[in-house]
>>> print(open('upload_28.cif').read())   # mmCIF, C-alpha atoms
data_upload
#
loop_
_atom_site.label_atom_id
_atom_site.label_comp_id
_atom_site.auth_asym_id
_atom_site.auth_seq_id
_atom_site.Cartn_x
_atom_site.Cartn_y
_atom_site.Cartn_z
CA MET A 134 -43.23 -77.88 -25.51
CA THR A 135 -43.14 -81.40 -26.89
CA ALA A 136 -40.73 -82.89 -29.35
CA GLU A 137 -41.64 -84.81 -32.46
CA ALA A 138 -40.98 -88.52 -32.42
CA GLY A 139 -38.08 -89.77 -34.49
CA PRO A 140 -38.18 -92.64 -36.94
CA SER A 141 -36.35 -95.11 -34.72
CA SER A 142 -38.07 -97.01 -31.94
CA ALA A 143 -36.56 -97.83 -28.57
CA SER A 144 -36.31 -101.49 -29.59
CA THR A 145 -34.17 -100.78 -32.67
CA ALA A 146 -32.27 -97.64 -31.66
CA MET A 147 -28.53 -97.86 -31.14
CA LEU A 148 -28.80 -94.71 -29.04
CA GLU A 149 -31.90 -93.86 -27.01
CA VAL A 150 -32.19 -90.49 -25.27
CA ALA A 151 -35.43 -90.39 -23.29
CA ARG A 152 -36.90 -87.35 -21.53
CA VAL A 153 -33.50 -85.94 -20.59
CA TRP A 154 -33.29 -82.79 -18.46
CA LYS A 155 -30.12 -80.86 -17.68
CA SER A 156 -29.71 -77.54 -15.89
CA PHE A 157 -26.76 -75.33 -15.07
CA ASP A 158 -27.09 -72.87 -12.19
CA GLY A 159 -30.86 -73.14 -12.31
CA LEU A 160 -31.08 -72.62 -16.09
CA SER A 161 -32.63 -75.57 -17.93
CA VAL A 162 -30.64 -76.31 -21.09
CA LEU A 163 -32.23 -79.66 -21.94
CA ARG A 164 -35.96 -79.87 -21.20
CA GLY A 165 -37.16 -83.45 -21.51
CA LEU A 166 -35.33 -84.07 -24.78
CA ASP A 167 -35.96 -87.28 -26.74
CA LEU A 168 -33.74 -88.62 -29.51
CA GLN A 169 -33.25 -92.02 -31.11
CA VAL A 170 -30.40 -92.91 -33.45
CA SER A 171 -30.20 -96.12 -35.47
CA ARG A 172 -26.98 -97.96 -36.23
CA HIS A 173 -25.20 -96.56 -39.32
CA GLU A 174 -27.38 -93.43 -39.24
CA ALA A 175 -25.94 -89.93 -39.56
CA VAL A 176 -27.94 -87.46 -37.47
CA VAL A 177 -27.10 -83.76 -37.62
CA LEU A 178 -28.18 -81.38 -34.86
CA ILE A 179 -28.87 -77.77 -35.82
CA GLY A 180 -30.16 -74.86 -33.80
CA ALA A 181 -29.15 -71.54 -32.29
CA SER A 182 -26.38 -71.23 -29.73
CA GLY A 183 -27.80 -72.21 -26.36
CA SER A 184 -30.36 -74.62 -27.80
CA GLY A 185 -28.68 -77.59 -26.12
CA LYS A 186 -26.66 -79.24 -28.90
CA SER A 187 -23.29 -79.34 -27.13
CA THR A 188 -24.82 -80.22 -23.79
CA LEU A 189 -26.66 -83.14 -25.37
CA LEU A 190 -23.45 -84.53 -26.89
CA ARG A 191 -21.59 -84.18 -23.59
CA CYS A 192 -24.38 -86.01 -21.78
CA ILE A 193 -24.33 -88.84 -24.34
CA ASN A 194 -20.61 -89.34 -23.71
CA GLY A 195 -21.00 -89.12 -19.94
CA LEU A 196 -19.04 -85.87 -19.66
CA GLU A 197 -22.09 -84.26 -18.05
CA SER A 198 -24.54 -85.97 -15.74
CA VAL A 199 -28.27 -85.52 -16.36
CA ASP A 200 -30.84 -84.27 -13.89
CA ALA A 201 -33.59 -86.59 -15.11
CA GLY A 202 -34.28 -89.03 -17.93
CA SER A 203 -32.12 -91.76 -19.41
CA ILE A 204 -29.53 -92.35 -22.13
CA THR A 205 -29.00 -95.91 -23.32
CA LEU A 206 -26.48 -97.29 -25.78
CA ASP A 207 -27.44 -100.44 -27.69
CA GLY A 208 -30.03 -101.31 -25.09
CA ASP A 209 -27.42 -102.58 -22.63
CA LEU A 210 -25.38 -99.63 -21.38
CA GLU A 211 -27.28 -97.11 -19.26
CA VAL A 212 -25.14 -93.98 -19.54
CA THR A 213 -27.12 -92.19 -16.86
CA ASP A 214 -26.86 -94.88 -14.15
CA LEU A 215 -24.91 -93.71 -11.10
CA ASP A 216 -22.66 -96.76 -11.41
CA ALA A 217 -22.34 -96.60 -15.21
CA ASP A 218 -19.03 -97.90 -16.55
CA LEU A 219 -17.87 -94.68 -18.23
CA ASP A 220 -14.60 -96.21 -19.39
CA ARG A 221 -16.58 -98.85 -21.28
CA LEU A 222 -18.83 -96.13 -22.67
CA ARG A 223 -15.94 -94.06 -23.96
CA ARG A 224 -14.41 -97.08 -25.63
CA ARG A 225 -17.62 -97.34 -27.65
CA VAL A 226 -18.44 -93.65 -28.13
CA GLY A 227 -15.87 -91.19 -29.47
CA ILE A 228 -16.21 -87.43 -29.33
CA VAL A 229 -14.40 -84.59 -31.10
CA PHE A 230 -14.77 -80.98 -29.97
CA GLN A 231 -14.25 -77.64 -31.69
CA SER A 232 -10.98 -77.29 -29.73
CA TYR A 233 -8.58 -80.01 -30.80
CA ASN A 234 -7.30 -80.97 -27.31
CA LEU A 235 -4.18 -82.63 -28.70
CA PHE A 236 -1.42 -83.10 -26.14
CA PRO A 237 1.14 -80.44 -27.15
CA HIS A 238 4.16 -82.32 -25.75
CA MET A 239 3.47 -85.43 -27.84
CA SER A 240 3.87 -86.04 -31.56
CA VAL A 241 0.77 -86.55 -33.65
CA ILE A 242 1.26 -90.31 -33.85
CA ASP A 243 1.87 -90.57 -30.11
CA ASN A 244 -1.38 -88.65 -29.53
CA VAL A 245 -3.18 -91.22 -31.66
CA MET A 246 -1.48 -94.21 -30.04
CA LEU A 247 -2.03 -93.15 -26.45
CA ALA A 248 -5.57 -94.39 -25.76
CA PRO A 249 -5.26 -97.74 -27.57
CA ARG A 250 -2.09 -98.47 -25.60
CA LYS A 251 -3.27 -97.25 -22.19
CA VAL A 252 -6.95 -98.17 -22.33
CA LEU A 253 -7.07 -101.18 -24.65
CA GLY A 254 -3.62 -102.56 -23.91
CA VAL A 255 -2.59 -102.67 -27.56
CA PRO A 256 1.16 -103.41 -27.91
CA ARG A 257 3.21 -100.38 -28.92
CA GLU A 258 4.24 -101.56 -32.38
CA GLN A 259 0.72 -102.68 -33.25
CA ALA A 260 -0.67 -99.36 -32.02
CA ARG A 261 1.88 -97.51 -34.13
CA ARG A 262 0.99 -99.47 -37.28
CA GLN A 263 -2.72 -98.84 -36.75
CA ALA A 264 -2.14 -95.15 -36.02
CA ALA A 265 0.04 -94.74 -39.11
CA ALA A 266 -2.66 -96.35 -41.28
CA LEU A 267 -5.32 -94.01 -39.90
CA LEU A 268 -3.14 -90.95 -40.39
CA ALA A 269 -2.48 -91.98 -43.98
CA ARG A 270 -6.21 -92.48 -44.57
CA PHE A 271 -6.86 -88.87 -43.56
CA GLY A 272 -3.93 -87.33 -45.41
CA LEU A 273 -1.66 -86.90 -42.39
CA ALA A 274 1.02 -89.52 -43.02
CA ASP A 275 3.69 -86.85 -43.42
CA LYS A 276 2.66 -85.21 -40.12
CA ALA A 277 2.95 -88.31 -37.93
CA ASP A 278 6.13 -87.19 -36.15
CA GLU A 279 5.26 -83.49 -36.01
CA PHE A 280 4.08 -81.80 -32.83
CA PRO A 281 0.63 -80.17 -32.76
CA ASP A 282 2.01 -76.63 -32.91
CA ARG A 283 3.36 -77.40 -36.38
CA LEU A 284 -0.08 -78.27 -37.77
CA SER A 285 -2.68 -76.05 -39.39
CA GLY A 286 -6.11 -75.84 -37.80
CA GLY A 287 -7.56 -78.24 -40.34
CA GLN A 288 -4.73 -80.70 -39.84
CA SER A 289 -5.13 -80.48 -36.07
CA GLN A 290 -8.84 -81.19 -36.29
CA ARG A 291 -8.25 -84.15 -38.60
CA ALA A 292 -5.65 -85.44 -36.14
CA ALA A 293 -8.23 -85.14 -33.35
CA ILE A 294 -10.68 -87.17 -35.45
CA VAL A 295 -8.02 -89.82 -36.08
CA ARG A 296 -7.24 -89.98 -32.35
CA ALA A 297 -10.91 -90.67 -31.59
CA LEU A 298 -11.14 -93.28 -34.37
CA ALA A 299 -8.12 -95.14 -33.00
CA MET A 300 -10.42 -96.54 -30.30
CA GLU A 301 -12.64 -98.03 -33.03
CA PRO A 302 -15.83 -96.46 -31.63
CA GLU A 303 -19.29 -97.63 -32.60
CA LEU A 304 -20.67 -94.09 -32.39
CA MET A 305 -18.93 -90.79 -33.15
CA LEU A 306 -20.03 -87.43 -31.77
CA PHE A 307 -18.84 -84.22 -33.41
CA ASP A 308 -19.40 -80.92 -31.62
CA GLU A 309 -19.09 -77.90 -33.94
CA ILE A 310 -15.75 -79.18 -35.18
CA THR A 311 -15.37 -76.47 -37.83
CA SER A 312 -16.37 -73.44 -35.79
CA ALA A 313 -12.79 -72.54 -34.77
CA LEU A 314 -11.37 -72.96 -38.27
CA ASP A 315 -10.53 -70.49 -40.98
CA PRO A 316 -13.18 -70.86 -43.71
CA LEU A 317 -10.52 -72.11 -46.12
CA LEU A 318 -9.84 -75.09 -43.83
CA VAL A 319 -13.44 -76.12 -43.17
CA SER A 320 -13.81 -78.28 -46.27
CA GLU A 321 -10.88 -80.58 -45.45
CA VAL A 322 -12.39 -81.41 -42.04
CA LEU A 323 -15.88 -81.91 -43.45
CA ASP A 324 -14.43 -84.18 -46.14
CA ALA A 325 -13.03 -86.36 -43.33
CA VAL A 326 -16.52 -86.66 -41.84
CA ARG A 327 -17.93 -87.47 -45.28
CA ASP A 328 -15.43 -90.32 -45.51
CA LEU A 329 -16.62 -91.71 -42.17
CA ARG A 330 -20.23 -91.33 -43.22
CA ALA A 331 -19.57 -93.22 -46.45
CA GLY A 332 -18.02 -96.01 -44.38
CA GLY A 333 -21.23 -96.48 -42.40
CA LEU A 334 -20.09 -95.17 -39.03
CA THR A 335 -22.95 -94.03 -36.79
CA ILE A 336 -22.64 -90.27 -36.33
CA VAL A 337 -24.32 -87.56 -34.27
CA MET A 338 -23.00 -84.14 -35.21
CA ALA A 339 -23.78 -80.60 -34.11
CA THR A 340 -22.94 -78.05 -36.78
CA HIS A 341 -23.69 -74.61 -38.17
CA GLU A 342 -22.73 -75.80 -41.66
CA MET A 343 -26.20 -76.03 -43.18
CA GLN A 344 -25.14 -77.18 -46.63
CA PHE A 345 -23.04 -79.93 -45.11
CA ALA A 346 -26.00 -81.03 -42.99
CA ARG A 347 -28.13 -81.12 -46.10
CA ASP A 348 -25.59 -83.16 -48.04
CA VAL A 349 -24.56 -85.72 -45.42
CA ALA A 350 -27.34 -86.29 -42.88
CA ASP A 351 -29.88 -89.07 -42.98
CA ARG A 352 -31.87 -86.96 -40.56
CA VAL A 353 -31.62 -83.38 -39.35
CA CYS A 354 -32.86 -82.44 -35.87
CA PHE A 355 -33.66 -78.83 -35.05
CA LEU A 356 -33.11 -78.12 -31.35
CA HIS A 357 -35.00 -75.24 -29.79
CA GLU A 358 -35.12 -74.38 -26.10
CA GLY A 359 -33.77 -77.76 -25.06
CA VAL A 360 -35.93 -80.13 -27.12
CA VAL A 361 -35.91 -81.59 -30.62
CA LEU A 362 -38.65 -79.35 -31.95
CA GLU A 363 -38.59 -80.73 -35.48
CA GLN A 364 -36.74 -83.46 -37.34
CA GLY A 365 -36.79 -85.19 -40.67
CA PRO A 366 -34.87 -85.93 -43.87
CA PRO A 367 -32.70 -82.95 -44.84
CA GLU A 368 -34.54 -82.09 -48.04
CA ALA A 369 -37.90 -82.00 -46.27
CA LEU A 370 -36.71 -80.02 -43.27
CA PHE A 371 -34.73 -77.46 -45.24
CA THR A 372 -37.30 -76.89 -47.97
CA ALA A 373 -40.58 -77.20 -46.06
CA PRO A 374 -40.11 -76.88 -42.28
CA ARG A 375 -43.32 -77.42 -40.34
CA GLN A 376 -42.45 -75.27 -37.33
CA GLN A 377 -42.17 -71.49 -37.55
CA GLN A 378 -39.13 -71.50 -35.25
CA THR A 379 -37.35 -73.83 -37.68
CA ALA A 380 -38.18 -71.61 -40.64
CA ASP A 381 -36.96 -68.52 -38.77
CA PHE A 382 -33.68 -70.20 -37.84
CA LEU A 383 -33.04 -71.38 -41.39
CA ALA A 384 -33.78 -67.92 -42.74
CA ARG A 385 -31.23 -66.40 -40.34
CA ALA A 386 -28.68 -69.07 -41.27
CA ARG A 387 -29.08 -68.27 -44.98
CA ARG A 388 -28.44 -64.59 -44.30
CA ALA A 389 -25.36 -65.27 -42.15
#
>>> encode(input="upload_28.cif", output="structure tokens")
Amino acid sequence: MTAEAGPSSASTAMLEVARVWKSFDGLSVLRGLDLQVSRHEAVVLIGASGSGKSTLLRCINGLESVDAGSITLDGDLEVTDLDADLDRLRRRVGIVFQSYNLFPHMSVIDNVMLAPRKVLGVPREQARRQAAALLARFGLADKADEFPDRLSGGQSQRAAIVRALAMEPELMLFDEITSALDPLLVSEVLDAVRDLRAGGLTIVMATHEMQFARDVADRVCFLHEGVVLEQGPPEALFTAPRQQQTADFLARARRA
């Protein structure tokens, strides 16, 4: 099975994923996947569970090694090299998961301050000012000194987004960040992503929220059996998919 080429070329792509394979216990999850993402582009990954979306994001951030192929950031950082500087990578690429992973013994603002202080060496007071500004931007100013167990699911997920943004990443990865939330809380998290999108941050996001994908993405990629089977502008892909597997998936998603 071959994937369709994306609109970005290797020479202009901020992120270049080329012929990437990844298996777990003999099961191939990514099967020669190709993906290119331009700077300031918002790319949304859709597809059934097991299609490779989460694995792809974890490989991009160096949380999983690949079996074959390459992942390159800005043409100068080879994520898949054995001696890749993963600390440098994670300063440039943030990731937020469906589980919030906030440190329960630390206040919200201390969660946000931790990486800038420990990784970037930002002085404590400067880190606190920057963290407070980010929390205010995402409606969490009054939660700065609370502990995570005092937050709602939506607040916790927004705090996780703020923590990732505190490192001032060039690229943000979001992995099904609304899937663990009560439906009433989904919109507040998606609004936070909309705000980042409006600000021009480069985003790659896996989601089951089809309407959100349609509203926010520059490009939607349908993953099927470990490859990008079809991709294109949201309106084209959602209204006139070229692949039968894409049409079948979208039909199931509409019925869900």
>>> atom_distance(input="upload_28.cif", atom1="atom CA of Leu222 of chain A", atom2="atom CA of Ala346 of chain A")
26.3 Å
>>> resolve_selection(input="upload_28.cif", expression="the PyMOL selection byres ((chain A and resi 226-237) around 10)", output="number ranges by chain")
A: 187, 190-191, 193-195, 206, 219-225, 238-241, 243-245, 280-283, 286-314, 335-339
>>> closest_residue(input="upload_28.cif", among="A:Arg257, A:Glu149, A:Phe371, A:Leu356", to="Thr213 of chain A", atoms="all atoms listed in the file")
A:Glu149
>>> residues_around(input="upload_28.cif", residues="Arg375 of chain A", least_positions_apart="5", cutoff="12 Å", atoms="all atoms listed in the file", output="list in words")
Glu137, Phe355, Leu362, Glu363, Gln364, Gly365, Ala369, Leu370, Ala380, Asp381 and Leu383 of chain A
>>> atom_distance(input="upload_28.cif", atom1="atom CA of Ala248 of chain A", atom2="atom CA of Leu196 of chain A")
17.1 Å
>>> closest_residue(input="upload_28.cif", among="A:Val252, A:Leu334, A:Leu317, A:Ile242", to="Ala274 of chain A", atoms="all atoms listed in the file")
A:Ile242
>>> closest_residue(input="upload_28.cif", among="A:Pro256, A:Val353, A:Met246, A:Val326", to="Leu268 of chain A", atoms="all atoms listed in the file")
A:Met246
>>> atom_distance(input="upload_28.cif", atom1="atom CA of Val177 of chain A", atom2="atom CA of Asp351 of chain A")
8.0 Å
>>> resolve_selection(input="upload_28.cif", expression="the PyMOL selection byres ((chain A and resi 160) around 12)", output="mmCIF file with C-alpha atoms, keeping the file's coordinate frame")
data_model
loop_
_atom_site.group_PDB
_atom_site.id
_atom_site.type_symbol
_atom_site.label_atom_id
_atom_site.label_comp_id
_atom_site.auth_asym_id
_atom_site.auth_seq_id
_atom_site.Cartn_x
_atom_site.Cartn_y
_atom_site.Cartn_z
ATOM 1 C CA TRP A 154 -33.290 -82.790 -18.460
ATOM 2 C CA LYS A 155 -30.120 -80.860 -17.680
ATOM 3 C CA SER A 156 -29.710 -77.540 -15.890
ATOM 4 C CA PHE A 157 -26.760 -75.330 -15.070
ATOM 5 C CA ASP A 158 -27.090 -72.870 -12.190
ATOM 6 C CA GLY A 159 -30.860 -73.140 -12.310
ATOM 7 C CA SER A 161 -32.630 -75.570 -17.930
ATOM 8 C CA VAL A 162 -30.640 -76.310 -21.090
ATOM 9 C CA LEU A 163 -32.230 -79.660 -21.940
ATOM 10 C CA ARG A 164 -35.960 -79.870 -21.200
ATOM 11 C CA GLY A 183 -27.800 -72.210 -26.360
ATOM 12 C CA SER A 184 -30.360 -74.620 -27.800
ATOM 13 C CA GLY A 185 -28.680 -77.590 -26.120
ATOM 14 C CA ASP A 200 -30.840 -84.270 -13.890
ATOM 15 C CA GLU A 358 -35.120 -74.380 -26.100
ATOM 16 C CA GLY A 359 -33.770 -77.760 -25.060
#
>>> closest_residue(input="upload_28.cif", among="A:Arg352, A:His357, A:Arg152, A:Arg261", to="Gly202 of chain A", atoms="only C-alpha atoms")
A:Arg152
>>> residues_around(input="upload_28.cif", residues="Asp209 of chain A", least_positions_apart="2", cutoff="12 Å", atoms="all atoms listed in the file", output="list in words")
Ala143, Ser144, Ala146, Met147, Leu148, Glu149, Ile204, Thr205, Leu206, Asp207, Glu211, Val212, Thr213, Asp214, Ala217, Asp218, Arg221 and Leu222 of chain A
